[in-house]
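> For reference, this is protein_18.tsv, and it has TSV, N, CA and C atoms.
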```tsv
chain	number	residue	atom	x	y	z
A	1	MET	N	32.42	-54.08	20.73
A	1	MET	CA	32.19	-52.66	20.76
A	1	MET	C	30.70	-52.41	20.49
A	2	ARG	N	30.15	-51.43	21.17
A	2	ARG	CA	28.74	-51.02	20.96
A	2	ARG	C	28.72	-49.75	20.12
A	3	VAL	N	27.95	-49.80	19.03
A	3	VAL	CA	27.89	-48.69	18.09
A	3	VAL	C	26.44	-48.30	17.88
A	4	CYS	N	26.19	-46.98	17.81
A	4	CYS	CA	24.86	-46.49	17.46
A	4	CYS	C	25.00	-45.57	16.25
A	5	MET	N	24.16	-45.79	15.26
A	5	MET	CA	24.13	-44.93	14.07
A	5	MET	C	22.80	-44.20	14.04
A	6	VAL	N	22.86	-42.91	13.77
A	6	VAL	CA	21.65	-42.08	13.68
A	6	VAL	C	21.57	-41.57	12.25
A	7	SER	N	20.43	-41.81	11.60
A	7	SER	CA	20.30	-41.42	10.20
A	7	SER	C	18.87	-40.98	9.90
A	8	TYR	N	18.75	-39.80	9.30
A	8	TYR	CA	17.45	-39.31	8.85
A	8	TYR	C	17.18	-39.91	7.47
A	9	SER	N	17.00	-41.24	7.47
A	9	SER	CA	16.70	-41.97	6.24
A	9	SER	C	16.01	-43.27	6.63
A	10	PHE	N	15.50	-43.98	5.62
A	10	PHE	CA	14.92	-45.29	5.85
A	10	PHE	C	16.05	-46.31	5.77
A	11	TYR	N	16.25	-47.07	6.82
A	11	TYR	CA	17.39	-48.00	6.90
A	11	TYR	C	17.45	-48.91	5.68
A	12	GLU	N	16.35	-49.52	5.30
A	12	GLU	CA	16.34	-50.50	4.22
A	12	GLU	C	16.69	-49.90	2.86
A	13	LEU	N	16.60	-48.59	2.72
A	13	LEU	CA	16.85	-47.94	1.44
A	13	LEU	C	18.21	-47.24	1.39
A	14	ASP	N	18.93	-47.23	2.48
A	14	ASP	CA	20.19	-46.50	2.55
A	14	ASP	C	21.36	-47.50	2.55
A	15	THR	N	21.88	-47.80	1.37
A	15	THR	CA	22.93	-48.82	1.27
A	15	THR	C	24.20	-48.43	2.02
A	16	ARG	N	24.45	-47.15	2.13
A	16	ARG	CA	25.64	-46.68	2.87
A	16	ARG	C	25.56	-47.15	4.32
A	17	ILE	N	24.42	-46.93	4.96
A	17	ILE	CA	24.24	-47.33	6.36
A	17	ILE	C	24.24	-48.85	6.49
A	18	ILE	N	23.58	-49.53	5.56
A	18	ILE	CA	23.53	-50.99	5.60
A	18	ILE	C	24.94	-51.56	5.52
A	19	GLN	N	25.78	-51.02	4.64
A	19	GLN	CA	27.14	-51.53	4.50
A	19	GLN	C	27.96	-51.28	5.76
A	20	TYR	N	27.87	-50.07	6.34
A	20	TYR	CA	28.59	-49.78	7.58
A	20	TYR	C	28.15	-50.73	8.69
A	21	ALA	N	26.84	-50.83	8.88
A	21	ALA	CA	26.30	-51.65	9.97
A	21	ALA	C	26.64	-53.13	9.77
A	22	SER	N	26.51	-53.62	8.56
A	22	SER	CA	26.81	-55.03	8.28
A	22	SER	C	28.28	-55.34	8.52
A	23	ALA	N	29.16	-54.43	8.15
A	23	ALA	CA	30.60	-54.64	8.38
A	23	ALA	C	30.90	-54.71	9.87
A	24	LEU	N	30.26	-53.85	10.65
A	24	LEU	CA	30.49	-53.86	12.10
A	24	LEU	C	29.94	-55.13	12.74
A	25	VAL	N	28.74	-55.54	12.34
A	25	VAL	CA	28.16	-56.78	12.87
A	25	VAL	C	29.02	-57.97	12.46
A	26	GLY	N	29.55	-57.93	11.25
A	26	GLY	CA	30.40	-59.01	10.76
A	26	GLY	C	31.66	-59.21	11.57
A	27	ARG	N	32.15	-58.14	12.18
A	27	ARG	CA	33.36	-58.29	13.01
A	27	ARG	C	33.02	-58.50	14.48
A	28	GLY	N	31.71	-58.62	14.79
A	28	GLY	CA	31.30	-58.98	16.14
A	28	GLY	C	30.80	-57.83	17.00
A	29	ASP	N	30.62	-56.65	16.42
A	29	ASP	CA	30.13	-55.50	17.19
A	29	ASP	C	28.61	-55.53	17.32
A	30	SER	N	28.11	-54.86	18.35
A	30	SER	CA	26.68	-54.68	18.54
A	30	SER	C	26.29	-53.33	17.94
A	31	VAL	N	25.32	-53.35	17.00
A	31	VAL	CA	24.97	-52.13	16.27
A	31	VAL	C	23.48	-51.82	16.43
A	32	ASP	N	23.19	-50.59	16.87
A	32	ASP	CA	21.84	-50.04	16.89
A	32	ASP	C	21.78	-48.94	15.84
A	33	VAL	N	20.66	-48.87	15.13
A	33	VAL	CA	20.44	-47.80	14.16
A	33	VAL	C	19.15	-47.10	14.52
A	34	LEU	N	19.20	-45.77	14.63
A	34	LEU	CA	18.01	-44.95	14.82
A	34	LEU	C	17.69	-44.32	13.48
A	35	SER	N	16.52	-44.64	12.93
A	35	SER	CA	16.20	-44.19	11.58
A	35	SER	C	14.73	-43.81	11.47
A	36	LEU	N	14.32	-43.47	10.25
A	36	LEU	CA	12.94	-43.14	9.96
A	36	LEU	C	12.12	-44.40	9.76
A	37	ARG	N	10.82	-44.23	9.85
A	37	ARG	CA	9.90	-45.36	9.67
A	37	ARG	C	8.86	-45.00	8.63
A	38	ARG	N	8.57	-45.93	7.75
A	38	ARG	CA	7.46	-45.76	6.80
A	38	ARG	C	6.21	-46.32	7.45
A	39	ALA	N	5.06	-45.83	7.02
A	39	ALA	CA	3.79	-46.32	7.55
A	39	ALA	C	3.71	-47.82	7.33
A	40	GLY	N	3.37	-48.54	8.39
A	40	GLY	CA	3.25	-49.98	8.31
A	40	GLY	C	4.50	-50.74	8.75
A	41	ASP	N	5.63	-50.07	8.83
A	41	ASP	CA	6.86	-50.71	9.30
A	41	ASP	C	6.83	-50.85	10.82
A	42	PRO	N	7.43	-51.91	11.36
A	42	PRO	CA	7.52	-52.02	12.82
A	42	PRO	C	8.48	-50.97	13.37
A	43	SER	N	8.28	-50.57	14.62
A	43	SER	CA	9.16	-49.56	15.21
A	43	SER	C	10.50	-50.16	15.62
A	44	PHE	N	10.57	-51.48	15.80
A	44	PHE	CA	11.84	-52.14	16.12
A	44	PHE	C	11.92	-53.44	15.34
A	45	GLU	N	13.12	-53.72	14.84
A	45	GLU	CA	13.33	-54.95	14.08
A	45	GLU	C	14.83	-55.25	14.07
A	46	VAL	N	15.17	-56.53	14.08
A	46	VAL	CA	16.56	-56.95	13.93
A	46	VAL	C	16.72	-57.44	12.49
A	47	ILE	N	17.61	-56.75	11.74
A	47	ILE	CA	17.83	-57.10	10.34
A	47	ILE	C	19.31	-57.49	10.19
A	48	ASN	N	19.54	-58.76	9.92
A	48	ASN	CA	20.91	-59.29	9.75
A	48	ASN	C	21.81	-58.90	10.92
A	49	GLY	N	21.28	-58.98	12.13
A	49	GLY	CA	22.07	-58.70	13.32
A	49	GLY	C	22.09	-57.24	13.74
A	50	VAL	N	21.52	-56.35	12.92
A	50	VAL	CA	21.48	-54.91	13.23
A	50	VAL	C	20.14	-54.59	13.90
A	51	HIS	N	20.21	-53.94	15.07
A	51	HIS	CA	19.00	-53.55	15.79
A	51	HIS	C	18.50	-52.21	15.25
A	52	VAL	N	17.43	-52.25	14.48
A	52	VAL	CA	16.91	-51.06	13.81
A	52	VAL	C	15.74	-50.51	14.63
A	53	HIS	N	15.92	-49.29	15.13
A	53	HIS	CA	14.88	-48.59	15.89
A	53	HIS	C	14.35	-47.48	14.99
A	54	ARG	N	13.12	-47.63	14.53
A	54	ARG	CA	12.52	-46.62	13.67
A	54	ARG	C	11.74	-45.66	14.57
A	55	ILE	N	12.24	-44.45	14.71
A	55	ILE	CA	11.74	-43.57	15.76
A	55	ILE	C	10.77	-42.50	15.28
A	56	GLN	N	10.61	-42.33	13.98
A	56	GLN	CA	9.69	-41.30	13.50
A	56	GLN	C	9.17	-41.68	12.12
A	57	VAL	N	7.86	-41.57	11.95
A	57	VAL	CA	7.25	-41.83	10.65
A	57	VAL	C	7.52	-40.62	9.76
A	58	ARG	N	7.85	-40.90	8.51
A	58	ARG	CA	8.06	-39.79	7.57
A	58	ARG	C	7.27	-40.04	6.30
A	59	LYS	N	6.46	-39.07	5.96
A	59	LYS	CA	5.79	-39.03	4.66
A	59	LYS	C	6.51	-37.96	3.86
A	60	VAL	N	6.81	-38.26	2.63
A	60	VAL	CA	7.50	-37.29	1.79
A	60	VAL	C	6.45	-36.40	1.12
A	61	ASN	N	5.93	-35.45	1.90
A	61	ASN	CA	4.89	-34.56	1.39
A	61	ASN	C	5.04	-33.14	1.93
A	62	GLU	N	6.27	-32.72	2.16
A	62	GLU	CA	6.49	-31.40	2.71
A	62	GLU	C	6.03	-30.33	1.72
A	63	LYS	N	5.37	-29.31	2.26
A	63	LYS	CA	4.85	-28.25	1.41
A	63	LYS	C	5.79	-27.05	1.35
A	64	SER	N	6.73	-26.99	2.28
A	64	SER	CA	7.66	-25.87	2.29
A	64	SER	C	8.98	-26.31	2.93
A	65	GLN	N	9.97	-25.45	2.80
A	65	GLN	CA	11.27	-25.74	3.41
A	65	GLN	C	11.16	-25.73	4.93
A	66	LEU	N	10.30	-24.87	5.48
A	66	LEU	CA	10.13	-24.84	6.94
A	66	LEU	C	9.49	-26.12	7.45
A	67	ASP	N	8.56	-26.66	6.68
A	67	ASP	CA	7.93	-27.93	7.05
A	67	ASP	C	8.99	-29.04	7.12
A	68	TYR	N	9.86	-29.07	6.12
A	68	TYR	CA	10.95	-30.06	6.08
A	68	TYR	C	11.90	-29.85	7.25
A	69	LEU	N	12.26	-28.60	7.52
A	69	LEU	CA	13.16	-28.29	8.64
A	69	LEU	C	12.54	-28.72	9.96
A	70	PHE	N	11.24	-28.47	10.14
A	70	PHE	CA	10.56	-28.87	11.38
A	70	PHE	C	10.66	-30.38	11.58
A	71	ARG	N	10.47	-31.16	10.51
A	71	ARG	CA	10.54	-32.62	10.63
A	71	ARG	C	11.94	-33.09	10.99
A	72	ILE	N	12.96	-32.45	10.41
A	72	ILE	CA	14.34	-32.83	10.72
A	72	ILE	C	14.66	-32.48	12.17
A	73	LEU	N	14.23	-31.30	12.62
A	73	LEU	CA	14.49	-30.90	14.01
A	73	LEU	C	13.76	-31.81	14.99
A	74	ARG	N	12.56	-32.21	14.63
A	74	ARG	CA	11.80	-33.14	15.49
A	74	ARG	C	12.54	-34.48	15.58
A	75	PHE	N	13.04	-34.97	14.44
A	75	PHE	CA	13.80	-36.22	14.43
A	75	PHE	C	15.04	-36.08	15.31
A	76	LEU	N	15.74	-34.95	15.18
A	76	LEU	CA	16.94	-34.71	15.98
A	76	LEU	C	16.63	-34.75	17.47
A	77	LEU	N	15.54	-34.13	17.87
A	77	LEU	CA	15.14	-34.12	19.28
A	77	LEU	C	14.78	-35.52	19.77
A	78	VAL	N	13.96	-36.22	19.01
A	78	VAL	CA	13.55	-37.58	19.41
A	78	VAL	C	14.77	-38.51	19.44
A	79	ALA	N	15.64	-38.40	18.44
A	79	ALA	CA	16.84	-39.23	18.40
A	79	ALA	C	17.74	-38.94	19.61
A	80	ALA	N	17.87	-37.67	19.98
A	80	ALA	CA	18.70	-37.31	21.13
A	80	ALA	C	18.13	-37.92	22.41
A	81	ILE	N	16.83	-37.90	22.56
A	81	ILE	CA	16.19	-38.47	23.76
A	81	ILE	C	16.39	-39.98	23.79
A	82	VAL	N	16.10	-40.66	22.69
A	82	VAL	CA	16.25	-42.12	22.63
A	82	VAL	C	17.71	-42.52	22.84
A	83	LEU	N	18.60	-41.81	22.18
A	83	LEU	CA	20.03	-42.11	22.30
A	83	LEU	C	20.54	-41.92	23.72
A	84	THR	N	20.11	-40.84	24.37
A	84	THR	CA	20.52	-40.58	25.75
A	84	THR	C	20.04	-41.69	26.68
A	85	ARG	N	18.79	-42.09	26.53
A	85	ARG	CA	18.23	-43.17	27.38
A	85	ARG	C	18.99	-44.48	27.16
A	86	LYS	N	19.21	-44.83	25.90
A	86	LYS	CA	19.91	-46.09	25.61
A	86	LYS	C	21.36	-46.03	26.07
A	87	HIS	N	21.99	-44.87	25.93
A	87	HIS	CA	23.39	-44.73	26.32
A	87	HIS	C	23.55	-44.84	27.84
A	88	PHE	N	22.62	-44.26	28.60
A	88	PHE	CA	22.72	-44.35	30.05
A	88	PHE	C	22.47	-45.76	30.56
A	89	SER	N	21.60	-46.53	29.88
A	89	SER	CA	21.34	-47.89	30.34
A	89	SER	C	22.48	-48.83	29.98
A	90	LYS	N	23.09	-48.63	28.82
A	90	LYS	CA	24.21	-49.47	28.37
A	90	LYS	C	25.03	-48.62	27.41
A	91	PRO	N	26.13	-48.03	27.87
A	91	PRO	CA	26.87	-47.03	27.09
A	91	PRO	C	27.39	-47.54	25.74
A	92	TYR	N	27.39	-46.61	24.78
A	92	TYR	CA	27.96	-46.88	23.46
A	92	TYR	C	29.44	-46.49	23.45
A	93	ASP	N	30.20	-47.20	22.63
A	93	ASP	CA	31.61	-46.85	22.42
A	93	ASP	C	31.74	-45.82	21.30
A	94	VAL	N	30.85	-45.94	20.30
A	94	VAL	CA	30.88	-45.04	19.15
A	94	VAL	C	29.46	-44.63	18.80
A	95	ILE	N	29.27	-43.34	18.51
A	95	ILE	CA	27.99	-42.83	18.00
A	95	ILE	C	28.30	-42.16	16.67
A	96	HIS	N	27.70	-42.68	15.61
A	96	HIS	CA	27.94	-42.18	14.26
A	96	HIS	C	26.66	-41.53	13.74
A	97	VAL	N	26.71	-40.22	13.53
A	97	VAL	CA	25.55	-39.48	13.02
A	97	VAL	C	25.77	-39.24	11.54
A	98	HIS	N	24.83	-39.70	10.74
A	98	HIS	CA	24.93	-39.55	9.28
A	98	HIS	C	24.19	-38.32	8.83
```
Any chance you could put this one into structure tokens?

Amino acid sequence: MRVCMVSYSFYELDTRIIQYASALVGRGDSVDVLSLRRAGDPSFEVINGVHVHRIQVRKVNEKSQLDYLFRILRFLLVAAIVLTRKHFSKPYDVIHVH
């Protein structure tokens, strides 16, 4: 089964996502994760069989709620574009948005 997880968090710091993804990889599924990227992190990496696509850099320095909302909406838009492209090239069976 092909699974894609979308999360507005840093993959390496989100144990919930790591546990879900690791369990799926452990049973033989193919897992892609679309997540945030810290400065200096690669945009793509395979971690314990999980394909981690870091699609947006995030600095935790928002000055207002609107600034934070703008960043989340931008992530949503970029994730939708990346997910659509990946899904059309090789369809997913499950898409899990966290």
> Counting only N, CA and C atoms, what is within 8 Å of A:Arg74, bar same-chain residues fewer than 6 positions away, as a PyMOL selection string?
chain A and resi 56+68+80
> Please indicate the distance in Å from atom N of A:Ser89 to atom CA of A:Ile47, rounded to one decimal place.
22.5 Å
> Quick one: residues within 6.5 Å of stretch 42-45 of chain A, only N, CA and C atoms counted, chain neighbours fewer than 6 positions away excluded, as number ranges by chain?
A: 51-55
> Using backbone DSSP assignments, extract all strand (DSSP E or B) residues from chain A; output them as a VMD selection string.
chain A and resid 2 to 10 30 to 37 44 to 47 50 to 57 94 to 97
> If you run DSSP on this backbone, which residues of stretch 9-94 of chain A come out as helix (DSSP H, G or I), and could you give them as a PyMOL selection string?
chain A and resi 11-13+15-26+65-89
> Would you work out the distance separating atom CA of A:Arg71 from atom N of A:Arg58, expressed in Å to one decimal?
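Separation of atom CA of A:Arg71 and atom N of A:Arg58: 9.0 Å.
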> So that I can check the surroundings of stretch 3-11 of chain A, please list as a CSV table (one decimal) with N, CA and C atoms, in the frame of the given file every protein, DNA and RNA residue that reaches within 7 Å of it, counting only C-alpha atoms and ignoring chain neighbours fewer than 2 positions away.

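To be explicit, this is the file written out as out_17.csv:
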```csv
chain,number,residue,atom,x,y,z
A,1,MET,N,32.4,-54.1,20.7
A,1,MET,CA,32.2,-52.7,20.8
A,1,MET,C,30.7,-52.4,20.5
A,13,LEU,N,16.6,-48.6,2.7
A,13,LEU,CA,16.8,-47.9,1.4
A,13,LEU,C,18.2,-47.2,1.4
A,14,ASP,N,18.9,-47.2,2.5
A,14,ASP,CA,20.2,-46.5,2.6
A,14,ASP,C,21.4,-47.5,2.6
A,17,ILE,N,24.4,-46.9,5.0
A,17,ILE,CA,24.2,-47.3,6.4
A,17,ILE,C,24.2,-48.8,6.5
A,18,ILE,N,23.6,-49.5,5.6
A,18,ILE,CA,23.5,-51.0,5.6
A,18,ILE,C,24.9,-51.6,5.5
A,30,SER,N,28.1,-54.9,18.4
A,30,SER,CA,26.7,-54.7,18.5
A,30,SER,C,26.3,-53.3,17.9
A,31,VAL,N,25.3,-53.4,17.0
A,31,VAL,CA,25.0,-52.1,16.3
A,31,VAL,C,23.5,-51.8,16.4
A,32,ASP,N,23.2,-50.6,16.9
A,32,ASP,CA,21.8,-50.0,16.9
A,32,ASP,C,21.8,-48.9,15.8
A,33,VAL,N,20.7,-48.9,15.1
A,33,VAL,CA,20.4,-47.8,14.2
A,33,VAL,C,19.2,-47.1,14.5
A,34,LEU,N,19.2,-45.8,14.6
A,34,LEU,CA,18.0,-45.0,14.8
A,34,LEU,C,17.7,-44.3,13.5
A,35,SER,N,16.5,-44.6,12.9
A,35,SER,CA,16.2,-44.2,11.6
A,35,SER,C,14.7,-43.8,11.5
A,36,LEU,N,14.3,-43.5,10.2
A,36,LEU,CA,12.9,-43.1,10.0
A,36,LEU,C,12.1,-44.4,9.8
A,37,ARG,N,10.8,-44.2,9.8
A,37,ARG,CA,9.9,-45.4,9.7
A,37,ARG,C,8.9,-45.0,8.6
A,92,TYR,N,27.4,-46.6,24.8
A,92,TYR,CA,28.0,-46.9,23.5
A,92,TYR,C,29.4,-46.5,23.4
A,93,ASP,N,30.2,-47.2,22.6
A,93,ASP,CA,31.6,-46.8,22.4
A,93,ASP,C,31.7,-45.8,21.3
A,94,VAL,N,30.8,-45.9,20.3
A,94,VAL,CA,30.9,-45.0,19.2
A,94,VAL,C,29.5,-44.6,18.8
A,95,ILE,N,29.3,-43.3,18.5
A,95,ILE,CA,28.0,-42.8,18.0
A,95,ILE,C,28.3,-42.2,16.7
A,96,HIS,N,27.7,-42.7,15.6
A,96,HIS,CA,27.9,-42.2,14.3
A,96,HIS,C,26.7,-41.5,13.7
A,97,VAL,N,26.7,-40.2,13.5
A,97,VAL,CA,25.6,-39.5,13.0
A,97,VAL,C,25.8,-39.2,11.5
A,98,HIS,N,24.8,-39.7,10.7
A,98,HIS,CA,24.9,-39.6,9.3
A,98,HIS,C,24.2,-38.3,8.8
```
